[in-house]
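Have a look at structure_27.cif below; it lists mmCIF, C-alpha atoms.
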data_final
#
loop_
_atom_site.group_PDB
_atom_site.id
_atom_site.type_symbol
_atom_site.label_atom_id
_atom_site.label_comp_id
_atom_site.auth_asym_id
_atom_site.auth_seq_id
_atom_site.Cartn_x
_atom_site.Cartn_y
_atom_site.Cartn_z
ATOM 1 C CA MET A 1 159.822 191.271 -11.933
ATOM 2 C CA TYR A 2 160.680 189.999 -15.410
ATOM 3 C CA VAL A 3 157.016 190.083 -16.424
ATOM 4 C CA LEU A 4 156.689 193.693 -15.210
ATOM 5 C CA THR A 5 159.836 194.747 -17.095
ATOM 6 C CA GLN A 6 158.584 193.043 -20.240
ATOM 7 C CA ALA A 7 155.189 194.738 -19.921
ATOM 8 C CA LEU A 8 156.803 198.162 -19.472
ATOM 9 C CA ALA A 9 159.052 197.552 -22.474
ATOM 10 C CA ILE A 10 156.030 196.677 -24.620
ATOM 11 C CA LEU A 11 154.142 199.783 -23.453
ATOM 12 C CA GLY A 12 157.243 201.900 -24.164
ATOM 13 C CA LEU A 13 157.508 200.460 -27.665
ATOM 14 C CA ILE A 14 153.816 201.175 -28.262
ATOM 15 C CA MET A 15 154.349 204.772 -27.093
ATOM 16 C CA ILE A 16 157.249 205.213 -29.543
ATOM 17 C CA CYS A 17 155.108 203.765 -32.339
ATOM 18 C CA GLY A 18 152.381 206.208 -31.325
ATOM 19 C CA LEU A 19 154.798 209.135 -31.452
ATOM 20 C CA VAL A 20 155.933 208.253 -34.982
ATOM 21 C CA SER A 21 152.347 207.636 -36.076
ATOM 22 C CA GLY A 22 151.111 210.900 -34.561
ATOM 23 C CA LEU A 23 153.866 212.907 -36.216
ATOM 24 C CA LEU A 24 153.432 211.433 -39.704
ATOM 25 C CA GLY A 25 149.676 210.939 -39.389
ATOM 26 C CA ALA A 26 148.908 214.554 -38.523
ATOM 27 C CA LEU A 27 151.435 215.903 -41.035
ATOM 28 C CA LEU A 28 150.066 213.813 -43.906
ATOM 29 C CA GLY A 29 146.372 213.858 -42.936
ATOM 30 C CA LEU A 30 146.254 210.123 -42.198
ATOM 31 C CA GLY A 31 145.270 210.378 -38.524
ATOM 32 C CA GLY A 32 148.065 208.023 -37.446
ATOM 33 C CA ALA A 33 146.005 204.840 -37.406
ATOM 34 C CA VAL A 34 147.028 203.850 -40.928
ATOM 35 C CA ILE A 35 150.648 203.878 -39.727
ATOM 36 C CA LEU A 36 150.101 202.539 -36.218
ATOM 37 C CA THR A 37 148.019 199.491 -37.231
ATOM 38 C CA PRO A 38 150.739 197.851 -39.385
ATOM 39 C CA LEU A 39 153.461 198.909 -36.915
ATOM 40 C CA LEU A 40 151.706 197.091 -34.066
ATOM 41 C CA THR A 41 150.999 194.002 -36.163
ATOM 42 C CA VAL A 42 154.595 193.856 -37.439
ATOM 43 C CA LEU A 43 156.598 194.809 -34.314
ATOM 44 C CA LEU A 44 154.412 193.253 -31.611
ATOM 45 C CA ASN A 45 152.661 190.609 -33.712
ATOM 46 C CA LEU A 46 149.277 191.802 -32.419
ATOM 47 C CA PRO A 47 146.215 190.387 -34.221
ATOM 48 C CA ILE A 48 144.956 193.026 -36.639
ATOM 49 C CA GLN A 49 141.632 193.517 -34.804
ATOM 50 C CA TYR A 50 143.401 194.519 -31.542
ATOM 51 C CA ALA A 51 145.961 196.671 -33.363
ATOM 52 C CA ALA A 52 143.062 198.325 -35.188
ATOM 53 C CA GLY A 53 141.201 198.976 -31.931
ATOM 54 C CA ILE A 54 144.220 200.698 -30.365
ATOM 55 C CA SER A 55 144.850 202.647 -33.566
ATOM 56 C CA LEU A 56 141.300 203.977 -33.739
ATOM 57 C CA VAL A 57 141.625 205.457 -30.242
ATOM 58 C CA SER A 58 144.952 206.974 -31.281
ATOM 59 C CA ALA A 59 143.478 208.368 -34.510
ATOM 60 C CA LEU A 60 140.823 210.164 -32.494
ATOM 61 C CA SER A 61 143.547 211.698 -30.309
ATOM 62 C CA THR A 62 145.492 212.850 -33.372
ATOM 63 C CA SER A 63 142.381 214.466 -34.786
ATOM 64 C CA ILE A 64 141.631 216.349 -31.571
ATOM 65 C CA VAL A 65 145.192 217.605 -31.058
ATOM 66 C CA ALA A 66 146.187 218.418 -34.648
ATOM 67 C CA GLY A 67 142.755 219.284 -36.008
ATOM 68 C CA SER A 68 142.039 221.920 -33.372
ATOM 69 C CA ARG A 69 145.374 223.633 -33.976
ATOM 70 C CA PHE A 70 144.959 223.573 -37.759
ATOM 71 C CA LEU A 71 141.507 225.128 -37.327
ATOM 72 C CA ARG A 72 143.028 228.042 -35.435
ATOM 73 C CA MET A 73 145.442 228.494 -38.359
ATOM 74 C CA GLY A 74 142.540 228.565 -40.827
ATOM 75 C CA ILE A 75 143.867 225.730 -43.009
ATOM 76 C CA PRO A 76 141.010 223.142 -43.044
ATOM 77 C CA ASN A 77 137.856 223.754 -45.089
ATOM 78 C CA VAL A 78 135.036 223.368 -42.569
ATOM 79 C CA ARG A 79 132.258 223.274 -45.195
ATOM 80 C CA VAL A 80 133.911 220.357 -46.990
ATOM 81 C CA PHE A 81 134.411 218.651 -43.623
ATOM 82 C CA MET A 82 130.713 218.988 -42.746
ATOM 83 C CA VAL A 83 129.535 217.636 -46.112
ATOM 84 C CA LEU A 84 131.870 214.634 -46.235
ATOM 85 C CA SER A 85 131.731 213.557 -42.574
ATOM 86 C CA SER A 86 128.265 212.059 -43.056
ATOM 87 C CA ALA A 87 129.626 209.701 -45.718
ATOM 88 C CA GLY A 88 132.578 208.645 -43.568
ATOM 89 C CA THR A 89 130.380 207.953 -40.534
ATOM 90 C CA THR A 90 127.885 205.844 -42.499
ATOM 91 C CA GLY A 91 130.665 203.784 -44.056
ATOM 92 C CA ALA A 92 132.431 203.340 -40.688
ATOM 93 C CA ILE A 93 129.349 201.756 -39.109
ATOM 94 C CA ILE A 94 128.909 199.327 -42.000
ATOM 95 C CA GLY A 95 132.633 198.492 -42.101
ATOM 96 C CA SER A 96 132.883 197.802 -38.357
ATOM 97 C CA LEU A 97 129.994 195.339 -38.502
ATOM 98 C CA MET A 98 131.540 193.643 -41.551
ATOM 99 C CA ALA A 99 134.917 193.402 -39.796
ATOM 100 C CA TYR A 100 133.375 191.604 -36.815
ATOM 101 C CA HIS A 101 131.813 188.928 -39.044
ATOM 102 C CA ILE A 102 134.957 188.507 -41.202
ATOM 103 C CA ILE A 103 137.205 188.114 -38.147
ATOM 104 C CA SER A 104 134.734 185.716 -36.488
ATOM 105 C CA SER A 105 134.784 183.580 -39.634
ATOM 106 C CA GLY A 106 138.604 183.284 -39.592
ATOM 107 C CA TYR A 107 139.214 185.234 -42.789
ATOM 108 C CA ASN A 108 140.983 188.225 -41.227
ATOM 109 C CA TRP A 109 143.961 187.730 -43.593
ATOM 110 C CA ILE A 110 141.712 189.101 -46.339
ATOM 111 C CA LEU A 111 141.726 192.460 -44.513
ATOM 112 C CA TYR A 112 145.483 192.710 -45.007
ATOM 113 C CA LEU A 113 145.123 192.212 -48.761
ATOM 114 C CA ILE A 114 142.321 194.792 -48.965
ATOM 115 C CA PHE A 115 144.509 197.255 -47.076
ATOM 116 C CA SER A 116 147.383 196.703 -49.507
ATOM 117 C CA GLY A 117 145.177 197.159 -52.555
ATOM 118 C CA VAL A 118 143.742 200.394 -51.185
ATOM 119 C CA MET A 119 147.248 201.772 -50.599
ATOM 120 C CA TYR A 120 148.411 201.037 -54.161
ATOM 121 C CA MET A 121 145.260 202.598 -55.611
ATOM 122 C CA ALA A 122 145.708 205.723 -53.492
ATOM 123 C CA MET A 123 149.355 206.050 -54.589
ATOM 124 C CA ALA A 124 148.433 206.021 -58.266
ATOM 125 C CA LEU A 125 145.802 208.734 -57.903
ATOM 126 C CA VAL A 126 147.514 211.029 -55.393
ATOM 127 C CA ALA A 127 150.772 211.213 -57.393
ATOM 128 C CA LYS A 128 149.213 213.492 -60.046
ATOM 129 C CA PRO A 129 150.066 217.159 -59.309
ATOM 130 C CA ARG A 130 147.415 219.870 -58.917
ATOM 131 C CA GLN A 131 147.754 223.533 -59.727
ATOM 132 C CA HIS A 132 146.017 226.159 -57.588
ATOM 133 C CA VAL A 133 145.496 229.884 -57.976
ATOM 134 C CA MET A 134 147.826 232.228 -56.084
ATOM 135 C CA THR A 135 145.623 235.308 -56.622
ATOM 136 C CA ALA A 136 141.923 236.051 -56.124
ATOM 137 C CA LEU A 137 139.526 233.848 -58.108
ATOM 138 C CA PRO A 138 137.641 235.833 -60.823
ATOM 139 C CA ILE A 139 133.854 236.066 -60.377
ATOM 140 C CA SER A 140 133.260 233.969 -63.507
ATOM 141 C CA VAL A 141 135.492 231.251 -62.080
ATOM 142 C CA ARG A 142 133.964 231.403 -58.603
ATOM 143 C CA ASP A 143 130.505 230.766 -60.062
ATOM 144 C CA SER A 144 131.594 227.312 -61.224
ATOM 145 C CA TYR A 145 132.430 226.243 -57.659
ATOM 146 C CA VAL A 146 130.040 225.255 -54.860
ATOM 147 C CA ILE A 147 132.703 225.802 -52.184
ATOM 148 C CA THR A 148 135.647 228.213 -52.303
ATOM 149 C CA GLY A 149 138.414 228.946 -49.838
ATOM 150 C CA SER A 150 141.928 230.255 -49.317
ATOM 151 C CA TYR A 151 144.791 229.831 -46.871
ATOM 152 C CA LEU A 152 148.176 231.354 -46.194
ATOM 153 C CA ASP A 153 150.973 229.069 -47.403
ATOM 154 C CA GLN A 154 153.833 229.948 -45.056
ATOM 155 C CA ALA A 155 156.367 228.044 -47.173
ATOM 156 C CA LEU A 156 155.509 230.035 -50.330
ATOM 157 C CA LYS A 157 154.504 233.196 -48.391
ATOM 158 C CA VAL A 158 151.368 233.686 -50.514
ATOM 159 C CA TYR A 159 147.618 233.168 -50.166
ATOM 160 C CA VAL A 160 146.446 230.145 -52.164
ATOM 161 C CA ASN A 161 142.859 230.250 -53.481
ATOM 162 C CA TYR A 162 140.928 227.142 -54.485
ATOM 163 C CA GLY A 163 137.424 225.926 -55.250
ATOM 164 C CA VAL A 164 135.434 222.690 -55.161
ATOM 165 C CA ARG A 165 133.059 221.869 -58.021
ATOM 166 C CA ARG A 166 129.751 220.061 -57.524
ATOM 167 C CA GLY A 167 130.891 217.019 -59.492
ATOM 168 C CA GLY A 168 134.132 216.790 -57.516
ATOM 169 C CA LEU A 169 132.235 217.066 -54.237
ATOM 170 C CA MET A 170 129.871 214.261 -55.259
ATOM 171 C CA ARG A 171 132.797 212.030 -56.263
ATOM 172 C CA ALA A 172 134.490 212.835 -52.967
ATOM 173 C CA TRP A 173 131.314 211.893 -51.052
ATOM 174 C CA GLY A 174 131.211 208.469 -52.729
ATOM 175 C CA ILE A 175 134.912 207.888 -52.050
ATOM 176 C CA MET A 176 134.439 208.981 -48.420
ATOM 177 C CA LEU A 177 131.670 206.408 -48.009
ATOM 178 C CA PHE A 178 134.165 203.774 -49.121
ATOM 179 C CA GLY A 179 136.780 205.358 -46.832
ATOM 180 C CA GLY A 180 134.498 204.973 -43.829
ATOM 181 C CA LEU A 181 133.933 201.357 -44.828
ATOM 182 C CA ILE A 182 137.700 200.745 -44.945
ATOM 183 C CA SER A 183 138.067 202.561 -41.610
ATOM 184 C CA GLY A 184 135.645 200.176 -39.967
ATOM 185 C CA LEU A 185 137.137 197.103 -41.644
ATOM 186 C CA LEU A 186 140.801 197.867 -40.974
ATOM 187 C CA GLY A 187 140.767 200.339 -38.078
ATOM 188 C CA ILE A 188 142.736 202.972 -39.998
ATOM 189 C CA GLY A 189 140.463 205.965 -39.453
ATOM 190 C CA GLY A 190 139.951 206.260 -43.212
ATOM 191 C CA GLY A 191 142.974 208.570 -43.614
ATOM 192 C CA PRO A 192 144.363 207.298 -46.958
ATOM 193 C CA ILE A 193 140.915 207.324 -48.572
ATOM 194 C CA ASN A 194 140.194 210.759 -47.086
ATOM 195 C CA MET A 195 143.288 212.101 -48.821
ATOM 196 C CA LEU A 196 142.194 210.425 -52.043
ATOM 197 C CA ALA A 197 138.745 212.055 -51.814
ATOM 198 C CA LEU A 198 139.962 215.491 -50.727
ATOM 199 C CA TYR A 199 143.032 215.827 -52.938
ATOM 200 C CA TRP A 200 142.139 213.834 -56.047
ATOM 201 C CA ALA A 201 138.320 214.117 -56.237
ATOM 202 C CA ALA A 202 137.609 217.474 -54.523
ATOM 203 C CA GLU A 203 140.919 218.927 -55.829
ATOM 204 C CA LEU A 204 141.876 220.648 -52.584
ATOM 205 C CA PRO A 205 145.505 221.793 -52.143
ATOM 206 C CA ILE A 206 147.603 219.127 -50.387
ATOM 207 C CA LYS A 207 147.890 221.113 -47.137
ATOM 208 C CA VAL A 208 144.153 221.875 -47.005
ATOM 209 C CA ALA A 209 143.383 218.235 -47.792
ATOM 210 C CA SER A 210 145.717 217.085 -45.007
ATOM 211 C CA ALA A 211 144.295 219.465 -42.393
ATOM 212 C CA THR A 212 140.667 218.724 -43.364
ATOM 213 C CA SER A 213 141.378 214.987 -43.341
ATOM 214 C CA ASN A 214 142.599 215.288 -39.752
ATOM 215 C CA LEU A 215 139.136 216.512 -38.752
ATOM 216 C CA ILE A 216 137.255 213.829 -40.694
ATOM 217 C CA VAL A 217 139.494 211.058 -39.322
ATOM 218 C CA GLY A 218 138.332 211.912 -35.793
ATOM 219 C CA VAL A 219 134.673 211.440 -36.744
ATOM 220 C CA THR A 220 135.155 208.091 -38.496
ATOM 221 C CA ALA A 221 137.567 206.828 -35.826
ATOM 222 C CA ALA A 222 135.128 207.711 -33.037
ATOM 223 C CA THR A 223 132.338 205.857 -34.856
ATOM 224 C CA SER A 224 134.395 202.730 -35.578
ATOM 225 C CA GLY A 225 136.114 202.849 -32.178
ATOM 226 C CA THR A 226 132.795 202.712 -30.339
ATOM 227 C CA LEU A 227 131.881 199.475 -32.093
ATOM 228 C CA TYR A 228 135.387 198.018 -31.656
ATOM 229 C CA TRP A 229 135.091 198.710 -27.892
ATOM 230 C CA PHE A 230 131.720 196.944 -27.864
ATOM 231 C CA PHE A 231 133.290 193.922 -29.619
ATOM 232 C CA GLY A 232 136.140 193.858 -27.038
ATOM 233 C CA TYR A 233 138.943 194.710 -29.477
ATOM 234 C CA ILE A 234 140.396 197.688 -27.527
ATOM 235 C CA GLN A 235 143.017 196.984 -24.811
ATOM 236 C CA PRO A 236 142.925 200.035 -22.470
ATOM 237 C CA PHE A 237 146.562 200.055 -21.256
ATOM 238 C CA MET A 238 148.004 199.659 -24.750
ATOM 239 C CA ALA A 239 145.630 202.323 -26.057
ATOM 240 C CA MET A 240 146.720 204.701 -23.275
ATOM 241 C CA ALA A 241 150.418 204.202 -24.133
ATOM 242 C CA SER A 242 149.815 204.855 -27.827
ATOM 243 C CA VAL A 243 147.754 207.990 -27.102
ATOM 244 C CA MET A 244 150.612 209.447 -25.011
ATOM 245 C CA GLY A 245 152.965 209.085 -27.968
ATOM 246 C CA ILE A 246 150.334 210.241 -30.468
ATOM 247 C CA VAL A 247 149.712 213.510 -28.605
ATOM 248 C CA ILE A 248 153.427 214.394 -28.602
ATOM 249 C CA GLY A 249 153.862 213.548 -32.290
ATOM 250 C CA ALA A 250 150.696 215.385 -33.387
ATOM 251 C CA ASN A 251 151.754 218.521 -31.503
ATOM 252 C CA VAL A 252 155.127 218.533 -33.258
ATOM 253 C CA SER A 253 153.507 218.073 -36.678
ATOM 254 C CA THR A 254 151.316 221.168 -36.260
ATOM 255 C CA HIS A 255 154.493 223.280 -36.249
ATOM 256 C CA ILE A 256 155.891 221.528 -39.326
ATOM 257 C CA LEU A 257 152.907 221.395 -41.730
ATOM 258 C CA PRO A 258 152.375 225.149 -42.307
ATOM 259 C CA LYS A 259 156.066 225.653 -43.182
ATOM 260 C CA ALA A 260 156.633 222.471 -45.216
ATOM 261 C CA ARG A 261 156.534 222.481 -49.014
ATOM 262 C CA GLY A 262 153.642 220.609 -50.617
ATOM 263 C CA SER A 263 155.998 218.485 -52.732
ATOM 264 C CA THR A 264 157.827 217.312 -49.599
ATOM 265 C CA ILE A 265 154.565 216.332 -47.914
ATOM 266 C CA LYS A 266 153.453 214.442 -51.019
ATOM 267 C CA ALA A 267 156.780 212.592 -51.351
ATOM 268 C CA LEU A 268 156.573 211.466 -47.704
ATOM 269 C CA LEU A 269 152.912 210.495 -48.105
ATOM 270 C CA LEU A 270 153.534 208.328 -51.160
ATOM 271 C CA SER A 271 156.599 206.702 -49.573
ATOM 272 C CA ILE A 272 154.611 205.721 -46.490
ATOM 273 C CA PHE A 273 151.862 204.384 -48.749
ATOM 274 C CA SER A 274 154.335 202.198 -50.660
ATOM 275 C CA TYR A 275 155.853 200.778 -47.470
ATOM 276 C CA LEU A 276 152.471 200.015 -45.880
ATOM 277 C CA ALA A 277 151.095 198.488 -49.067
ATOM 278 C CA TYR A 278 154.071 196.155 -49.415
ATOM 279 C CA ARG A 279 154.130 195.152 -45.733
ATOM 280 C CA MET A 280 150.430 194.428 -45.522
ATOM 281 C CA LEU A 281 150.479 192.510 -48.804
ATOM 282 C CA LEU A 282 153.197 190.195 -47.473
ATOM 283 C CA SER A 283 151.400 189.841 -44.117
ATOM 284 C CA GLY A 284 148.120 188.912 -45.796
ATOM 285 C CA LEU A 285 149.742 186.346 -48.072
ATOM 286 C CA ARG A 286 151.656 184.854 -45.135
ATOM 287 C CA ARG A 287 148.636 184.673 -42.807
ATOM 288 C CA GLY A 288 146.552 183.156 -45.577
ATOM 289 C CA GLY A 289 149.217 180.522 -46.232
ATOM 290 C CA ILE A 290 149.547 181.655 -49.854
ATOM 291 C CA PHE A 291 153.156 182.909 -49.921
ATOM 292 C CA VAL A 292 155.582 182.858 -46.996
ATOM 293 C CA LEU A 293 158.912 184.681 -46.717
ATOM 294 C CA PRO A 294 161.293 184.522 -43.723
ATOM 295 C CA MET A 295 160.528 187.426 -41.370
ATOM 296 C CA ASN A 296 164.030 188.901 -41.702
ATOM 297 C CA ILE A 297 163.611 188.994 -45.499
ATOM 298 C CA GLU A 298 160.257 190.748 -45.066
ATOM 299 C CA TYR A 299 161.826 193.406 -42.837
ATOM 300 C CA ILE A 300 164.806 193.987 -45.142
ATOM 301 C CA THR A 301 162.824 194.169 -48.379
ATOM 302 C CA SER A 302 160.163 196.423 -46.779
ATOM 303 C CA PHE A 303 162.809 198.866 -45.596
ATOM 304 C CA MET A 304 164.416 198.814 -49.044
ATOM 305 C CA VAL A 305 161.069 199.587 -50.674
ATOM 306 C CA LEU A 306 160.609 202.568 -48.331
ATOM 307 C CA LEU A 307 164.096 203.984 -49.012
ATOM 308 C CA MET A 308 163.921 203.426 -52.766
ATOM 309 C CA THR A 309 160.487 205.054 -53.065
ATOM 310 C CA LEU A 310 161.544 207.990 -50.907
ATOM 311 C CA GLY A 311 164.721 208.509 -52.930
ATOM 312 C CA VAL A 312 162.928 208.360 -56.287
ATOM 313 C CA LEU A 313 160.136 210.715 -55.194
ATOM 314 C CA PHE A 314 162.496 213.303 -53.734
ATOM 315 C CA ALA A 315 164.505 213.202 -56.961
ATOM 316 C CA LEU A 316 161.304 213.752 -58.960
ATOM 317 C CA ARG A 317 159.666 216.273 -56.607
ATOM 318 C CA LYS A 318 159.284 218.922 -59.305
ATOM 319 C CA TYR A 319 157.118 216.501 -61.339
ATOM 320 C CA ILE A 320 154.678 215.846 -58.481
ATOM 321 C CA SER A 321 154.754 219.382 -57.082
ATOM 322 C CA GLU A 322 151.687 221.608 -56.976
ATOM 323 C CA GLU A 323 153.787 224.719 -56.278
#
Would it be possible to restate this file's structure as structure tokens?
Amino acid sequence: MYVLTQALAILGLIMICGLVSGLLGALLGLGGAVILTPLLTVLLNLPIQYAAGISLVSALSTSIVAGSRFLRMGIPNVRVFMVLSSAGTTGAIIGSLMAYHIISSGYNWILYLIFSGVMYMAMALVAKPRQHVMTALPISVRDSYVITGSYLDQALKVYVNYGVRRGGLMRAWGIMLFGGLISGLLGIGGGPINMLALYWAAELPIKVASATSNLIVGVTAATSGTLYWFFGYIQPFMAMASVMGIVIGANVSTHILPKARGSTIKALLLSIFSYLAYRMLLSGLRRGGIFVLPMNIEYITSFMVLLMTLGVLFALRKYISEE
């Protein structure tokens, strides 16, 4: 009876983690896996390969639920999605095969450090604000873009027009290839790198980048997840519990994103990045035997980093705003 109660408690905790991951993942374009993977490793002490396997299944669920709804709203850019998905898929296959060999060799702590480095790099690049046109793009301006689009910003109550240049699209493709690689290595669905490619390189508005990233995450997560299942890294019951929470959270986020201000989304995104980067850095150093802190100190300092970053970014929202 005790074992059954303990098992149900663990599944309930995984479902709650899934709900939080689905809500933030769909809202910020991360797919949920980038949040769920460290949550499962920290709260349940799951090995990163099993946490990654569960998270990839959850990321696919987030993409299906949130992505389909965002498509009906007309927010994602389907042409950008089609061009960049090929890069993400190729990288995901390579990354999944690399992850299997790294884990088999006993160097999985290196994955934590890679994850942390990626998060800090993404923070530095995403923080820069972008300005987008609120009226129709002139013909002379449209000619300089290979892809153009517009969407209704419900928070600002205006149509926002934007364009993607050839050079930006090529940079985004290269970054997406790396994103797929990271997705396969870490089981994060490539969400943080997707946002880096879509927002920083392709210069899409933050809401369009988030909604388009939700679609791409599903493709890379499905590719990596297939290989993780083949390697035996996906536990079905845990994955089912996380998907139940993910679906609820992703549904809620689809009602929030269209009405939220871009600066608020960016502040939340960067705060989550800072927390994950710090947590995974400490986990990698601890698992590699390089630097060890008591677990309670890790929890306290990680929470402080999250609150401090969130407070600073909300105070400076006008400097990172694209509105």
- Task: Translate the PyMOL selection byres ((chain A and resi 18) around 12), as applied to the file shown, into an explicit residue set as a ChimeraX atom specification.
- Result: /A:11-17,19-26,31-40,51,54-59,61-62,238-250
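Taking all atoms listed in the file into account, Tyr100 (chain A) lies nearest to A:Ser224 out of the set A:Ser224, A:Thr309, A:Asn77, A:Thr212.
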- Task: Enter the distance from CA of Tyr107 (chain A) to CA of Ser85 (chain A), in Å, rounded to one decimal.
- Result: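 Separating CA of Tyr107 (chain A) from CA of Ser85 (chain A) is a distance of 29.3 Å.
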- Query: Residues at most 12 Å from Met121 (chain A), counting only C-alpha atoms, excluding those fewer than 4 positions away in the same chain, as a VMD selection string?
  - Reply: chain A and resid 114 to 117 125 to 127 192 to 193 195 to 196 200 270 273 to 274 277
Write to file, as a PDB file, keeping the file's coordinate frame, the residues of the selection just made, with C-alpha atoms.
ATOM      1  CA  ILE A 114     142.321 194.792 -48.965  1.00  0.00           C
ATOM      2  CA  PHE A 115     144.509 197.255 -47.076  1.00  0.00           C
ATOM      3  CA  SER A 116     147.383 196.703 -49.507  1.00  0.00           C
ATOM      4  CA  GLY A 117     145.177 197.159 -52.555  1.00  0.00           C
ATOM      5  CA  LEU A 125     145.802 208.734 -57.903  1.00  0.00           C
ATOM      6  CA  VAL A 126     147.514 211.029 -55.393  1.00  0.00           C
ATOM      7  CA  ALA A 127     150.772 211.213 -57.393  1.00  0.00           C
ATOM      8  CA  PRO A 192     144.363 207.298 -46.958  1.00  0.00           C
ATOM      9  CA  ILE A 193     140.915 207.324 -48.572  1.00  0.00           C
ATOM     10  CA  MET A 195     143.288 212.101 -48.821  1.00  0.00           C
ATOM     11  CA  LEU A 196     142.194 210.425 -52.043  1.00  0.00           C
ATOM     12  CA  TRP A 200     142.139 213.834 -56.047  1.00  0.00           C
ATOM     13  CA  LEU A 270     153.534 208.328 -51.160  1.00  0.00           C
ATOM     14  CA  PHE A 273     151.862 204.384 -48.749  1.00  0.00           C
ATOM     15  CA  SER A 274     154.335 202.198 -50.660  1.00  0.00           C
ATOM     16  CA  ALA A 277     151.095 198.488 -49.067  1.00  0.00           C
TER      17      ALA A 277
END
- Query: region 289-304 of chain A: which residues within 12 Å, counting only C-alpha atoms, same-chain residues fewer than 2 positions away excluded, as a VMD selection string?
  - Reply: chain A and resid 39 42 to 43 45 107 109 to 110 113 271 to 287 306 to 311
- Query: So which one's closest to Thr254 (chain A), A:Ile216, A:Leu27, A:Ala92, A:Leu204? Using only C-alpha atoms, please.
  - Reply: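 Checking each candidate against Thr254 (chain A), we get A:Leu27 as the closest.
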- Query: What does the PyMOL selection byres ((chain A and resi 162) around 6) select in this file, as a PyMOL selection string?
  - Reply: chain A and resi 148-149+161+163
- Message: Neighbouring residues of Gly88 (chain A) were defined as those with any atom within 10 Å, considering all atoms listed in the file; residues of the same chain fewer than 3 positions away were excluded. Please report them as a ChimeraX atom specification.
- Response: /A:83-85,91-93,173-184,189-190,193-194,216-217,219-221,223
Add whatever atoms are absent from region 293-297 of chain A to reach all heavy atoms, and provide the output as a compact mmCIF listing (two decimals), in the coordinates of the input.
# COMPACT_ATOMS: atom_id res chain seq x y z
N LEU A 293 157.50 184.31 -46.71
CA LEU A 293 158.91 184.68 -46.72
C LEU A 293 159.43 184.67 -45.28
O LEU A 293 158.67 184.91 -44.34
CB LEU A 293 159.09 186.10 -47.29
CG LEU A 293 159.07 186.28 -48.81
CD1 LEU A 293 159.19 187.77 -49.14
CD2 LEU A 293 160.19 185.51 -49.48
N PRO A 294 160.73 184.38 -45.08
CA PRO A 294 161.29 184.52 -43.72
C PRO A 294 161.10 185.95 -43.23
O PRO A 294 161.18 186.91 -44.01
CB PRO A 294 162.78 184.19 -43.93
CG PRO A 294 162.81 183.36 -45.17
CD PRO A 294 161.71 183.87 -46.04
N MET A 295 160.84 186.11 -41.92
CA MET A 295 160.53 187.43 -41.37
C MET A 295 161.65 188.43 -41.61
O MET A 295 161.40 189.61 -41.88
CB MET A 295 160.23 187.31 -39.87
CG MET A 295 158.89 186.66 -39.55
SD MET A 295 157.49 187.53 -40.30
CE MET A 295 157.59 189.11 -39.49
N ASN A 296 162.92 187.96 -41.49
CA ASN A 296 164.03 188.90 -41.70
C ASN A 296 164.07 189.41 -43.14
O ASN A 296 164.40 190.58 -43.40
CB ASN A 296 165.37 188.25 -41.33
CG ASN A 296 165.67 187.01 -42.15
OD1 ASN A 296 164.76 186.34 -42.62
ND2 ASN A 296 166.93 186.69 -42.29
N ILE A 297 163.68 188.57 -44.10
CA ILE A 297 163.61 188.99 -45.50
C ILE A 297 162.49 190.02 -45.68
O ILE A 297 162.63 191.00 -46.41
CB ILE A 297 163.40 187.79 -46.43
CG1 ILE A 297 164.55 186.79 -46.28
CG2 ILE A 297 163.26 188.25 -47.88
CD1 ILE A 297 165.90 187.35 -46.66
